[in-house]
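Visitor: My structure is stored as query-v6.txt, with compact mmCIF, C-alpha atoms.
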```txt
# COMPACT_ATOMS: atom_id res chain seq x y z
CA MET H 12 178.97 106.63 88.07
CA GLY H 13 175.41 105.53 87.26
CA GLY H 14 172.70 107.97 86.27
CA ALA H 15 172.97 111.63 85.36
CA ARG H 16 175.27 113.72 87.45
CA ALA H 17 173.92 116.84 89.11
CA ALA H 18 173.27 119.66 86.66
CA GLY H 19 174.79 122.19 89.04
CA TRP H 20 178.06 120.27 89.07
CA VAL H 21 178.02 120.13 85.29
CA ALA H 22 177.61 123.87 84.91
CA ALA H 23 180.20 124.69 87.57
CA GLY H 24 182.80 122.28 86.22
CA LEU H 25 182.41 122.71 82.50
CA VAL H 26 182.24 126.49 82.42
CA LEU H 27 185.96 126.52 83.15
CA GLY H 28 186.64 124.76 79.85
CA ALA H 29 183.95 126.60 77.92
CA GLY H 30 184.63 130.19 78.84
CA ALA H 31 187.45 130.57 81.33
CA CYS H 32 189.86 132.28 78.96
CA TYR H 33 187.23 134.73 77.77
CA CYS H 34 186.12 135.45 81.36
CA ILE H 35 189.69 136.25 82.40
CA TYR H 36 189.96 138.56 79.39
CA ARG H 37 186.71 140.32 80.36
CA LEU H 38 187.86 140.77 83.95
CA THR H 39 191.12 142.37 82.91
CA ARG H 40 189.20 144.65 80.53
CA GLY H 41 186.94 145.63 83.42
CA GLN H 42 189.93 146.50 85.59
CA ARG H 43 191.39 148.73 82.89
CA ARG H 44 188.04 150.54 82.70
CA GLY H 45 188.25 151.41 86.37
CA GLY H 46 186.59 148.35 87.85
CA HIS H 47 183.09 148.99 86.50
CA GLY H 48 182.88 145.47 85.01
CA ARG H 49 180.70 144.59 82.05
CA ARG H 50 178.67 147.32 80.39
CA LEU H 51 176.10 147.26 77.66
CA ARG H 52 175.85 149.84 74.92
CA PRO H 53 173.52 150.22 71.95
CA SER H 54 174.68 149.16 68.50
CA ARG H 55 173.89 150.87 65.21
CA SER H 56 173.57 147.53 63.43
CA ALA H 57 173.87 143.80 63.94
CA GLU H 58 177.10 143.81 61.96
CA ASP H 59 178.61 146.26 64.46
CA LEU H 60 178.18 143.58 67.12
CA THR H 61 180.69 141.35 65.33
CA ASN H 62 183.37 144.04 65.27
CA ALA H 63 186.53 142.94 67.06
CA SER H 64 186.54 146.18 69.07
CA TYR H 65 183.03 145.48 70.39
CA ASP H 66 183.71 143.26 73.38
CA ASP H 67 180.75 144.01 75.65
CA VAL H 68 178.35 141.29 76.72
CA LEU H 69 175.24 141.45 74.56
CA ASN H 70 171.68 141.73 75.83
CA ALA H 71 168.74 139.73 74.48
CA GLU H 72 167.83 142.31 71.81
CA GLN H 73 171.39 142.45 70.55
CA LEU H 74 171.69 138.66 70.53
CA GLN H 75 168.52 138.45 68.48
CA LYS H 76 169.98 140.85 65.92
CA LEU H 77 173.19 138.86 65.83
CA LEU H 78 171.41 135.54 65.32
CA TYR H 79 169.30 137.01 62.50
CA LEU H 80 172.48 138.24 60.84
CA LEU H 81 174.10 134.82 61.24
CA GLU H 82 171.08 133.12 59.71
CA SER H 83 170.61 135.51 56.81
CA THR H 84 174.11 136.41 55.60
CA GLU H 85 176.18 134.38 53.17
CA ASP H 86 179.35 136.41 53.69
CA PRO H 87 181.90 133.98 55.20
CA VAL H 88 183.79 136.76 56.98
CA ILE H 89 180.65 138.00 58.72
CA ILE H 90 179.54 134.43 59.50
CA GLU H 91 182.85 133.66 61.19
CA ARG H 92 182.86 136.91 63.17
CA ALA H 93 179.24 136.38 64.23
CA LEU H 94 179.99 132.84 65.42
CA VAL H 95 182.93 134.09 67.49
CA THR H 96 180.69 136.73 69.08
CA VAL H 97 177.95 134.19 69.82
CA GLY H 98 180.51 131.81 71.28
CA ASN H 99 182.05 134.47 73.51
CA ASN H 100 178.63 135.51 74.79
CA ALA H 101 177.67 131.87 75.37
CA ALA H 102 180.46 131.72 77.96
CA PHE H 103 177.99 133.41 80.35
CA SER H 104 175.25 131.23 81.84
CA ALA H 105 172.43 133.76 81.40
CA ASN H 106 173.17 134.08 77.70
CA GLN H 107 173.26 130.30 77.25
CA ALA H 108 169.55 130.23 78.10
CA ILE H 109 168.73 133.38 76.11
CA ILE H 110 170.38 132.05 72.95
CA ARG H 111 168.39 128.81 73.28
CA GLU H 112 165.12 130.67 73.81
CA LEU H 113 165.82 132.84 70.76
CA GLY H 114 166.20 129.72 68.62
CA GLY H 115 169.92 130.23 68.29
CA ILE H 116 171.12 126.65 68.74
CA PRO H 117 169.94 125.36 65.32
CA ILE H 118 171.21 128.56 63.68
CA VAL H 119 174.68 127.90 65.09
CA GLY H 120 174.40 124.13 64.65
CA ASN H 121 173.68 124.39 60.94
CA LYS H 122 177.04 126.09 60.44
CA ILE H 123 178.97 122.92 61.33
CA ASN H 124 178.08 121.72 57.82
CA ASN H 125 179.84 124.68 56.25
CA PRO H 126 182.72 123.55 53.98
CA ASP H 127 184.90 126.37 55.33
CA HIS H 128 186.93 124.74 58.12
CA SER H 129 187.36 128.01 60.00
CA ILE H 130 183.58 128.56 60.10
CA LYS H 131 183.04 124.93 61.12
CA GLU H 132 185.53 125.34 63.97
CA LYS H 133 183.91 128.55 65.24
CA ALA H 134 180.47 126.89 65.12
CA LEU H 135 181.77 123.93 67.13
CA ASN H 136 183.34 126.30 69.66
CA ALA H 137 180.05 128.16 70.06
CA LEU H 138 178.13 124.90 70.51
CA ASN H 139 180.75 123.83 73.03
CA ASN H 140 180.09 126.90 75.18
CA LEU H 141 176.33 126.48 74.78
CA SER H 142 176.56 122.82 75.81
CA VAL H 143 177.55 123.81 79.35
CA ASN H 144 173.81 124.29 79.91
CA VAL H 145 172.11 120.90 80.40
CA GLU H 146 168.87 122.06 78.76
CA ASN H 147 170.87 123.15 75.73
CA GLN H 148 172.35 119.66 75.44
CA ILE H 149 168.91 118.30 74.60
CA LYS H 150 168.92 120.43 71.45
CA ILE H 151 172.62 120.00 70.69
CA LYS H 152 172.54 116.19 70.82
CA ILE H 153 171.09 116.02 67.29
CA TYR H 154 174.50 117.15 66.01
CA ILE H 155 176.52 114.44 67.80
CA ASN H 156 176.66 112.04 64.86
CA GLN H 157 177.73 114.77 62.46
CA VAL H 158 180.40 115.98 64.89
CA CYS H 159 181.72 112.43 65.25
CA GLU H 160 181.92 112.00 61.49
CA ASP H 161 183.84 115.28 61.18
CA VAL H 162 186.20 114.37 64.02
CA PHE H 163 187.13 111.01 62.51
CA SER H 164 187.17 111.92 58.82
CA GLY H 165 188.75 115.36 59.03
CA PRO H 166 192.43 116.32 59.22
CA LEU H 167 194.30 114.81 62.16
CA ASN H 168 195.20 117.25 64.98
CA SER H 169 193.31 120.04 63.23
CA ALA H 170 191.46 122.85 64.98
CA VAL H 171 188.17 121.35 63.75
CA GLN H 172 189.03 117.95 65.22
CA LEU H 173 189.96 119.42 68.60
CA ALA H 174 186.85 121.62 68.66
CA GLY H 175 184.68 118.60 67.90
CA LEU H 176 186.38 116.54 70.61
CA ARG H 177 185.85 119.31 73.16
CA LEU H 178 182.15 119.46 72.30
CA LEU H 179 181.81 115.67 72.59
CA THR H 180 183.59 115.80 75.94
CA ASN H 181 181.11 118.37 77.26
CA MET H 182 178.21 116.34 75.91
CA THR H 183 179.39 113.22 77.79
CA VAL H 184 179.96 114.71 81.23
CA THR H 185 176.57 113.28 82.17
CA ASN H 186 175.46 109.80 81.16
CA ASP H 187 172.46 111.06 79.19
CA HIS H 188 173.97 111.09 75.69
CA GLN H 189 176.96 108.78 76.02
CA HIS H 190 175.20 105.90 74.27
CA MET H 191 175.27 107.95 71.07
CA LEU H 192 179.03 107.34 70.89
CA ASP H 193 178.77 103.53 71.13
CA SER H 194 179.65 102.97 67.48
CA TYR H 195 182.57 105.41 67.57
CA ILE H 196 184.60 103.98 70.47
CA THR H 197 187.08 102.12 68.25
CA ASN H 198 187.58 105.33 66.25
CA LEU H 199 188.32 107.22 69.44
CA PHE H 200 191.08 104.78 70.37
CA HIS H 201 192.50 105.04 66.85
CA VAL H 202 192.72 108.84 67.05
CA LEU H 203 194.17 108.51 70.54
CA LEU H 204 197.05 106.43 69.23
CA ILE H 205 197.91 108.48 66.13
CA GLY H 206 197.17 111.99 67.41
CA ASN H 207 199.64 114.45 68.89
CA GLY H 208 199.82 115.32 72.58
CA ASN H 209 196.92 117.80 72.55
CA THR H 210 194.71 115.37 70.65
CA LYS H 211 195.62 112.50 72.98
CA VAL H 212 194.67 114.54 76.04
CA GLN H 213 191.33 115.58 74.55
CA VAL H 214 190.42 112.03 73.47
CA LEU H 215 191.35 110.73 76.91
CA LYS H 216 189.12 113.30 78.61
CA LEU H 217 186.25 111.95 76.52
CA LEU H 218 187.12 108.28 77.17
CA VAL H 219 187.41 108.95 80.90
CA ASN H 220 183.88 110.38 80.85
CA LEU H 221 182.60 107.23 79.15
CA SER H 222 184.54 104.95 81.51
CA GLU H 223 182.71 106.32 84.55
CA ASN H 224 179.41 104.93 83.27
CA PRO H 225 178.90 101.17 83.87
CA ALA H 226 176.57 101.07 80.88
CA MET H 227 179.53 101.93 78.63
CA THR H 228 181.99 99.41 80.10
CA GLU H 229 181.22 96.54 77.74
CA GLY H 230 181.47 98.79 74.69
CA LEU H 231 184.84 100.10 75.83
CA LEU H 232 186.31 96.69 76.64
CA SER H 233 185.07 95.09 73.42
CA ALA H 234 186.61 97.81 71.21
CA GLN H 235 189.37 96.56 68.94
CA VAL H 236 192.47 98.50 69.94
CA ASP H 237 195.99 98.31 68.54
CA SER H 238 198.58 96.86 70.92
CA SER H 239 200.53 100.13 70.76
CA PHE H 240 197.94 101.40 73.27
CA LEU H 241 200.05 99.79 75.99
CA SER H 242 202.91 102.19 75.23
CA LEU H 243 200.81 104.87 76.94
CA PHE H 244 201.63 103.12 80.23
CA ASP H 245 205.38 103.64 79.78
CA ASN H 246 207.34 105.61 82.38
CA HIS H 247 208.37 108.34 79.96
CA VAL H 248 204.80 109.24 78.90
CA ALA H 249 203.76 112.80 79.79
CA LYS H 250 202.00 112.97 83.14
CA GLU H 251 198.82 114.58 81.77
CA ILE H 252 198.44 111.60 79.42
CA LEU H 253 199.60 108.87 81.79
CA LEU H 254 197.31 109.92 84.62
CA ARG H 255 194.30 109.95 82.32
CA VAL H 256 195.11 106.50 80.91
CA LEU H 257 195.42 105.19 84.46
CA THR H 258 192.12 106.86 85.41
CA LEU H 259 190.48 105.18 82.41
CA PHE H 260 191.76 101.81 83.64
CA GLN H 261 190.74 102.56 87.22
CA ASN H 262 187.20 103.54 86.21
CA ILE H 263 186.76 100.39 84.13
CA ASN H 264 187.93 98.30 87.08
CA ASN H 265 185.44 100.03 89.35
CA CYS H 266 182.58 99.45 86.92
CA LEU H 267 183.48 95.76 86.55
CA LYS H 268 183.63 95.43 90.31
CA MET H 269 180.15 96.94 90.60
CA ASP H 270 178.86 94.35 88.14
CA GLY H 271 180.74 91.53 89.87
CA ARG H 272 182.57 90.66 86.64
CA LEU H 273 186.20 91.02 87.69
CA ALA H 274 186.44 87.37 88.70
CA VAL H 275 184.67 86.14 85.58
CA GLN H 276 186.16 85.74 82.09
CA PRO H 277 183.89 87.89 79.90
CA PRO H 278 183.39 86.95 76.23
CA PHE H 279 185.66 89.58 74.71
CA ALA H 280 187.50 88.91 71.45
CA LYS H 281 191.26 88.87 71.11
CA GLY H 282 192.59 92.25 70.13
CA SER H 283 190.02 93.97 72.31
CA LEU H 284 190.82 96.52 74.99
CA PHE H 285 189.97 93.86 77.59
CA PHE H 286 192.81 91.60 76.44
CA LEU H 287 195.24 94.53 76.45
CA LEU H 288 194.35 95.81 79.91
CA TYR H 289 194.20 92.42 81.60
CA GLY H 290 197.11 90.77 79.80
CA GLU H 291 200.59 90.04 81.16
CA GLU H 292 202.30 92.88 79.25
CA CYS H 293 200.05 95.47 80.88
CA ALA H 294 200.59 93.84 84.28
CA GLN H 295 204.35 94.20 83.86
CA LYS H 296 204.01 97.86 82.93
CA MET H 297 201.81 98.50 85.96
CA ARG H 298 204.35 96.89 88.27
CA ALA H 299 207.07 99.08 86.77
CA LEU H 300 204.95 102.20 87.35
CA VAL H 301 204.98 101.53 91.08
CA TYR H 302 208.46 103.08 90.97
CA HIS H 303 207.40 106.12 88.95
CA PRO H 304 208.88 109.33 90.40
CA ASP H 305 205.50 111.11 90.44
CA VAL H 306 203.40 110.58 93.57
CA ASP H 307 200.07 110.98 91.77
CA VAL H 308 200.99 108.30 89.26
CA LYS H 309 202.10 105.89 91.97
CA GLU H 310 198.88 106.40 93.93
CA LYS H 311 196.81 105.59 90.85
CA VAL H 312 198.84 102.46 90.13
CA VAL H 313 198.49 101.15 93.68
CA THR H 314 194.70 101.25 93.35
CA ILE H 315 194.83 99.24 90.10
CA ILE H 316 197.45 96.55 90.75
CA PRO H 317 195.35 94.50 93.21
CA LYS H 318 192.85 93.88 90.40
CA PHE H 319 195.33 91.76 88.43
```
Output the structure of this file as structure tokens.
Guide:
Amino acid sequence: MGGARAAGWVAAGLVLGAGACYCIYRLTRGQRRGGHGRRLRPSRSAEDLTNASYDDVLNAEQLQKLLYLLESTEDPVIIERALVTVGNNAAFSANQAIIRELGGIPIVGNKINNPDHSIKEKALNALNNLSVNVENQIKIKIYINQVCEDVFSGPLNSAVQLAGLRLLTNMTVTNDHQHMLDSYITNLFHVLLIGNGNTKVQVLKLLVNLSENPAMTEGLLSAQVDSSFLSLFDNHVAKEILLRVLTLFQNINNCLKMDGRLAVQPPFAKGSLFFLLYGEECAQKMRALVYHPDVDVKEKVVTIIPKF
């Protein structure tokens, strides 16, 4: 869809991915305490706040202590624990703003350059939770290029790669920063094809975000993509992958229709995504998917087939 999507929708939708597991954990903790919910308690030191047994939501003063500790210590164990604590607290919308106002985003963001992969992952997870807030995205966007480089140069299917992909997915829910991924689209398709199931799903979430923006359509269709991409349209492909690939195709069709380009032969090179999606082999696979046993898959296919 064109333009930025409503910030309220962003916060409501993304918070499920950013902090749902932690919220469920907090709720169950609250029930075991007799239903009193979250409670704050004073801490003797900033380091106490990183203790695994300290699971209360921090207030502004405690967050300030924690961020100072994160900025000043060189102990990798404390850094990792502090990042986990910041990330857990960033699952709550009020703290997302407080951490930004305390200057916490660059403190966390600088840790993605740490050579320790576990610290890098925890920093990416914290930024991911912070990125639910649209105002925070303005400060987080300066790390997009670095995150992309880490995603595409780091170990395949690693925790760091998945954490980076989740952050990029959050950062592309609105159209505001999607253009920053223009030069990485071919890399995304490469990781999609060689990654495992979890990696495929995460890359597809990101590509689906991009495919909803007409301004990204040309970049997507011009990307050089290996022909094995078409195997993702096979009947045996897992539903969570197949539905997202079909949604990607559907969104691209919709964007081309908006631009009035479906009936025109655009100047895309051979080997591009355009030639794969609108070639005869893909058409055959789409016709075969009409008989897919899953109703959701069939409904998606029916909306796409008339475009051939």
Visitor: Compare H:Phe163, H:Phe260, H:Phe103, H:Phe240 by their minimum atom-to-atom distance to H:Ser142, counting all atoms listed in the file, and give me the closest one.
Guide: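 Nearest to H:Ser142: H:Phe103.
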Visitor: Would you be able to write out as an MDAnalysis selection string which residues have an atom within 12 Å of (193.8, 118.8, 64.1) in the file's coordinates, counting only C-alpha atoms?
Guide: chainID H and resid 128:129 132 161:176 202 205:211 213
Visitor: Those selected residues, please, written with C-alpha atoms and delivered as a PDB file, keeping the file's coordinate frame.
Guide:
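Generated output (result05.pdb):
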```pdb
ATOM      1  CA  HIS H 128     186.930 124.740  58.120  1.00  0.00           C
ATOM      2  CA  SER H 129     187.360 128.010  60.000  1.00  0.00           C
ATOM      3  CA  GLU H 132     185.530 125.340  63.970  1.00  0.00           C
ATOM      4  CA  ASP H 161     183.840 115.280  61.180  1.00  0.00           C
ATOM      5  CA  VAL H 162     186.200 114.370  64.020  1.00  0.00           C
ATOM      6  CA  PHE H 163     187.130 111.010  62.510  1.00  0.00           C
ATOM      7  CA  SER H 164     187.170 111.920  58.820  1.00  0.00           C
ATOM      8  CA  GLY H 165     188.750 115.360  59.030  1.00  0.00           C
ATOM      9  CA  PRO H 166     192.430 116.320  59.220  1.00  0.00           C
ATOM     10  CA  LEU H 167     194.300 114.810  62.160  1.00  0.00           C
ATOM     11  CA  ASN H 168     195.200 117.250  64.980  1.00  0.00           C
ATOM     12  CA  SER H 169     193.310 120.040  63.230  1.00  0.00           C
ATOM     13  CA  ALA H 170     191.460 122.850  64.980  1.00  0.00           C
ATOM     14  CA  VAL H 171     188.170 121.350  63.750  1.00  0.00           C
ATOM     15  CA  GLN H 172     189.030 117.950  65.220  1.00  0.00           C
ATOM     16  CA  LEU H 173     189.960 119.420  68.600  1.00  0.00           C
ATOM     17  CA  ALA H 174     186.850 121.620  68.660  1.00  0.00           C
ATOM     18  CA  GLY H 175     184.680 118.600  67.900  1.00  0.00           C
ATOM     19  CA  LEU H 176     186.380 116.540  70.610  1.00  0.00           C
ATOM     20  CA  VAL H 202     192.720 108.840  67.050  1.00  0.00           C
ATOM     21  CA  ILE H 205     197.910 108.480  66.130  1.00  0.00           C
ATOM     22  CA  GLY H 206     197.170 111.990  67.410  1.00  0.00           C
ATOM     23  CA  ASN H 207     199.640 114.450  68.890  1.00  0.00           C
ATOM     24  CA  GLY H 208     199.820 115.320  72.580  1.00  0.00           C
ATOM     25  CA  ASN H 209     196.920 117.800  72.550  1.00  0.00           C
ATOM     26  CA  THR H 210     194.710 115.370  70.650  1.00  0.00           C
ATOM     27  CA  LYS H 211     195.620 112.500  72.980  1.00  0.00           C
ATOM     28  CA  GLN H 213     191.330 115.580  74.550  1.00  0.00           C
TER      29      GLN H 213
END
```
Visitor: Here is a test: counting all atoms listed in the file, which residue of H:Glu112, H:Asp237, H:Asp127, H:Asp187 is nearest to H:Lys152?
Guide: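 Nearest candidate to H:Lys152 out of H:Glu112, H:Asp237, H:Asp127, H:Asp187: H:Asp187.
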Visitor: From the list H:Arg177, H:Lys311, H:Lys133, H:Arg298, which residue is nearest H:Gly120 when using only C-alpha atoms?
Guide: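 So, comparing all the options, the nearest one is H:Lys133.
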Visitor: Specify the axis-aligned box that encloses all atoms of stretch 304-310 of chain H listed in the file after padding of 3 Å on each side, stating its centre and edge lengths in Å to one decimal as JSON.
Guide:
```
{"center_x": 203.9, "center_y": 108.5, "center_z": 91.6, "size_x": 16.0, "size_y": 11.2, "size_z": 10.7}
```
Visitor: Suppose you want the space between atom CA of H:Asn144 and atom CA of H:Glu251; what is it in Å?
Guide: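 Going from atom CA of H:Asn144 over to atom CA of H:Glu251, I get 26.9 Å.
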Visitor: Which residues, written as a PDB file with C-alpha atoms, in the frame of the given file, have at least one atom at most 9 Å from H:Ile155, with only C-alpha atoms counted and residues fewer than 3 positions away on the same chain left out?
Guide:
```pdb
ATOM      1  CA  ILE H 151     172.620 120.000  70.690  1.00  0.00           C
ATOM      2  CA  LYS H 152     172.540 116.190  70.820  1.00  0.00           C
ATOM      3  CA  VAL H 158     180.400 115.980  64.890  1.00  0.00           C
ATOM      4  CA  CYS H 159     181.720 112.430  65.250  1.00  0.00           C
ATOM      5  CA  GLU H 160     181.920 112.000  61.490  1.00  0.00           C
ATOM      6  CA  LEU H 178     182.150 119.460  72.300  1.00  0.00           C
ATOM      7  CA  LEU H 179     181.810 115.670  72.590  1.00  0.00           C
ATOM      8  CA  MET H 182     178.210 116.340  75.910  1.00  0.00           C
ATOM      9  CA  HIS H 188     173.970 111.090  75.690  1.00  0.00           C
ATOM     10  CA  MET H 191     175.270 107.950  71.070  1.00  0.00           C
ATOM     11  CA  LEU H 192     179.030 107.340  70.890  1.00  0.00           C
TER      12      LEU H 192
END
```
Visitor: Which polymer residues, whether protein, DNA or RNA, lie within 12 Å of the coordinate (192.7, 106.7, 81.2) when you count all atoms listed in the file? List them as an NGL selection string, using the chain letters and numbers from the file.
Guide: :H and (200 or 203 or 211-223 or 231 or 240-241 or 243-244 or 250-264 or 288 or 308 or 311-312 or 315)
Visitor: Which of these residues is nearest to H:Ala102, using all atoms listed in the file: H:Gln189, H:Asn139, H:His247, H:Asn198?
Guide: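 Looking at the shortest contact to H:Ala102, the residue is H:Asn139.
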Visitor: Quick one: of H:Val88, H:Leu204, H:Asp245, H:Asn121, who's nearest to H:Tyr302, counting all atoms listed in the file?
Guide: H:Asp245
Visitor: Could you jot down the atom CA of H:Ile118 to atom CA of H:Glu82 separation for me, Å, one decimal place?
Guide: 6.0 Å
Visitor: Write out as a PyMOL selection string the residues lying within 7 Å of H:Phe279, counting only C-alpha atoms and excluding same-chain residues fewer than 3 positions away.
Guide: chain H and resi 233+283+285
Visitor: Determine, counting only C-alpha atoms, which protein, DNA and RNA residues have an atom within 8 Å of an atom of H:Leu141; residues of the same chain fewer than 6 positions away are not included. Present the result as a list in words.
Guide: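 Within the cut-off, the hits are Gly98, Ala101, Ala102, Gln107, Ile116, Asn147 and Gln148 of chain H.
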Visitor: Between atom CA of H:Ile109 and atom CA of H:Glu91, what distance in Å does the model show, to one decimal?
Guide: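 According to the coordinates, atom CA of H:Ile109 and atom CA of H:Glu91 are separated by 20.5 Å.
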Visitor: So, with all atoms listed in the file as the atoms that count, which of H:Leu267, H:Val143, H:Thr228, H:Ala234 lies closest to H:His190?
Guide: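 That would be H:Thr228, the residue with the smallest distance to H:His190.
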Visitor: Provide stretch 125-139 of chain H rebuilt to N, CA, C and O atoms, formatted as a PDB file, in the coordinates of the input.
Guide:
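Wrote it out as result-v4.pdb, contents follow:
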```pdb
ATOM      1  N   ASN H 125     179.189 123.772  57.188  1.00  0.00           N
ATOM      2  CA  ASN H 125     179.840 124.680  56.250  1.00  0.00           C
ATOM      3  C   ASN H 125     181.170 124.090  55.782  1.00  0.00           C
ATOM      4  O   ASN H 125     181.945 123.578  56.596  1.00  0.00           O
ATOM      5  N   PRO H 126     181.458 124.126  54.479  1.00  0.00           N
ATOM      6  CA  PRO H 126     182.720 123.550  53.980  1.00  0.00           C
ATOM      7  C   PRO H 126     183.955 124.321  54.422  1.00  0.00           C
ATOM      8  O   PRO H 126     185.064 123.786  54.362  1.00  0.00           O
ATOM      9  N   ASP H 127     183.777 125.564  54.850  1.00  0.00           N
ATOM     10  CA  ASP H 127     184.900 126.370  55.330  1.00  0.00           C
ATOM     11  C   ASP H 127     185.293 125.869  56.727  1.00  0.00           C
ATOM     12  O   ASP H 127     184.511 125.949  57.667  1.00  0.00           O
ATOM     13  N   HIS H 128     186.506 125.344  56.853  1.00  0.00           N
ATOM     14  CA  HIS H 128     186.930 124.740  58.120  1.00  0.00           C
ATOM     15  C   HIS H 128     186.985 125.749  59.259  1.00  0.00           C
ATOM     16  O   HIS H 128     186.749 125.396  60.415  1.00  0.00           O
ATOM     17  N   SER H 129     187.302 126.993  58.950  1.00  0.00           N
ATOM     18  CA  SER H 129     187.360 128.010  60.000  1.00  0.00           C
ATOM     19  C   SER H 129     185.957 128.294  60.543  1.00  0.00           C
ATOM     20  O   SER H 129     185.767 128.448  61.757  1.00  0.00           O
ATOM     21  N   ILE H 130     184.972 128.352  59.659  1.00  0.00           N
ATOM     22  CA  ILE H 130     183.580 128.560  60.100  1.00  0.00           C
ATOM     23  C   ILE H 130     183.108 127.347  60.895  1.00  0.00           C
ATOM     24  O   ILE H 130     182.459 127.485  61.937  1.00  0.00           O
ATOM     25  N   LYS H 131     183.421 126.152  60.416  1.00  0.00           N
ATOM     26  CA  LYS H 131     183.040 124.930  61.120  1.00  0.00           C
ATOM     27  C   LYS H 131     183.626 124.925  62.541  1.00  0.00           C
ATOM     28  O   LYS H 131     182.936 124.603  63.514  1.00  0.00           O
ATOM     29  N   GLU H 132     184.895 125.307  62.655  1.00  0.00           N
ATOM     30  CA  GLU H 132     185.530 125.340  63.970  1.00  0.00           C
ATOM     31  C   GLU H 132     184.841 126.321  64.906  1.00  0.00           C
ATOM     32  O   GLU H 132     184.566 126.015  66.074  1.00  0.00           O
ATOM     33  N   LYS H 133     184.547 127.526  64.393  1.00  0.00           N
ATOM     34  CA  LYS H 133     183.910 128.550  65.240  1.00  0.00           C
ATOM     35  C   LYS H 133     182.506 128.110  65.652  1.00  0.00           C
ATOM     36  O   LYS H 133     182.067 128.400  66.774  1.00  0.00           O
ATOM     37  N   ALA H 134     181.798 127.404  64.765  1.00  0.00           N
ATOM     38  CA  ALA H 134     180.470 126.890  65.120  1.00  0.00           C
ATOM     39  C   ALA H 134     180.580 125.837  66.217  1.00  0.00           C
ATOM     40  O   ALA H 134     179.781 125.820  67.166  1.00  0.00           O
ATOM     41  N   LEU H 135     181.555 124.960  66.110  1.00  0.00           N
ATOM     42  CA  LEU H 135     181.770 123.930  67.130  1.00  0.00           C
ATOM     43  C   LEU H 135     182.143 124.567  68.469  1.00  0.00           C
ATOM     44  O   LEU H 135     181.681 124.131  69.532  1.00  0.00           O
ATOM     45  N   ASN H 136     182.970 125.610  68.426  1.00  0.00           N
ATOM     46  CA  ASN H 136     183.340 126.300  69.660  1.00  0.00           C
ATOM     47  C   ASN H 136     182.130 126.939  70.329  1.00  0.00           C
ATOM     48  O   ASN H 136     181.987 126.908  71.556  1.00  0.00           O
ATOM     49  N   ALA H 137     181.258 127.542  69.510  1.00  0.00           N
ATOM     50  CA  ALA H 137     180.050 128.160  70.060  1.00  0.00           C
ATOM     51  C   ALA H 137     179.132 127.107  70.670  1.00  0.00           C
ATOM     52  O   ALA H 137     178.586 127.294  71.767  1.00  0.00           O
ATOM     53  N   LEU H 138     178.950 125.987  69.965  1.00  0.00           N
ATOM     54  CA  LEU H 138     178.130 124.900  70.510  1.00  0.00           C
ATOM     55  C   LEU H 138     178.750 124.345  71.800  1.00  0.00           C
ATOM     56  O   LEU H 138     178.034 123.972  72.730  1.00  0.00           O
ATOM     57  N   ASN H 139     180.064 124.309  71.842  1.00  0.00           N
ATOM     58  CA  ASN H 139     180.750 123.830  73.030  1.00  0.00           C
ATOM     59  C   ASN H 139     180.399 124.694  74.241  1.00  0.00           C
ATOM     60  O   ASN H 139     180.062 124.178  75.320  1.00  0.00           O
TER      61      ASN H 139
END
```
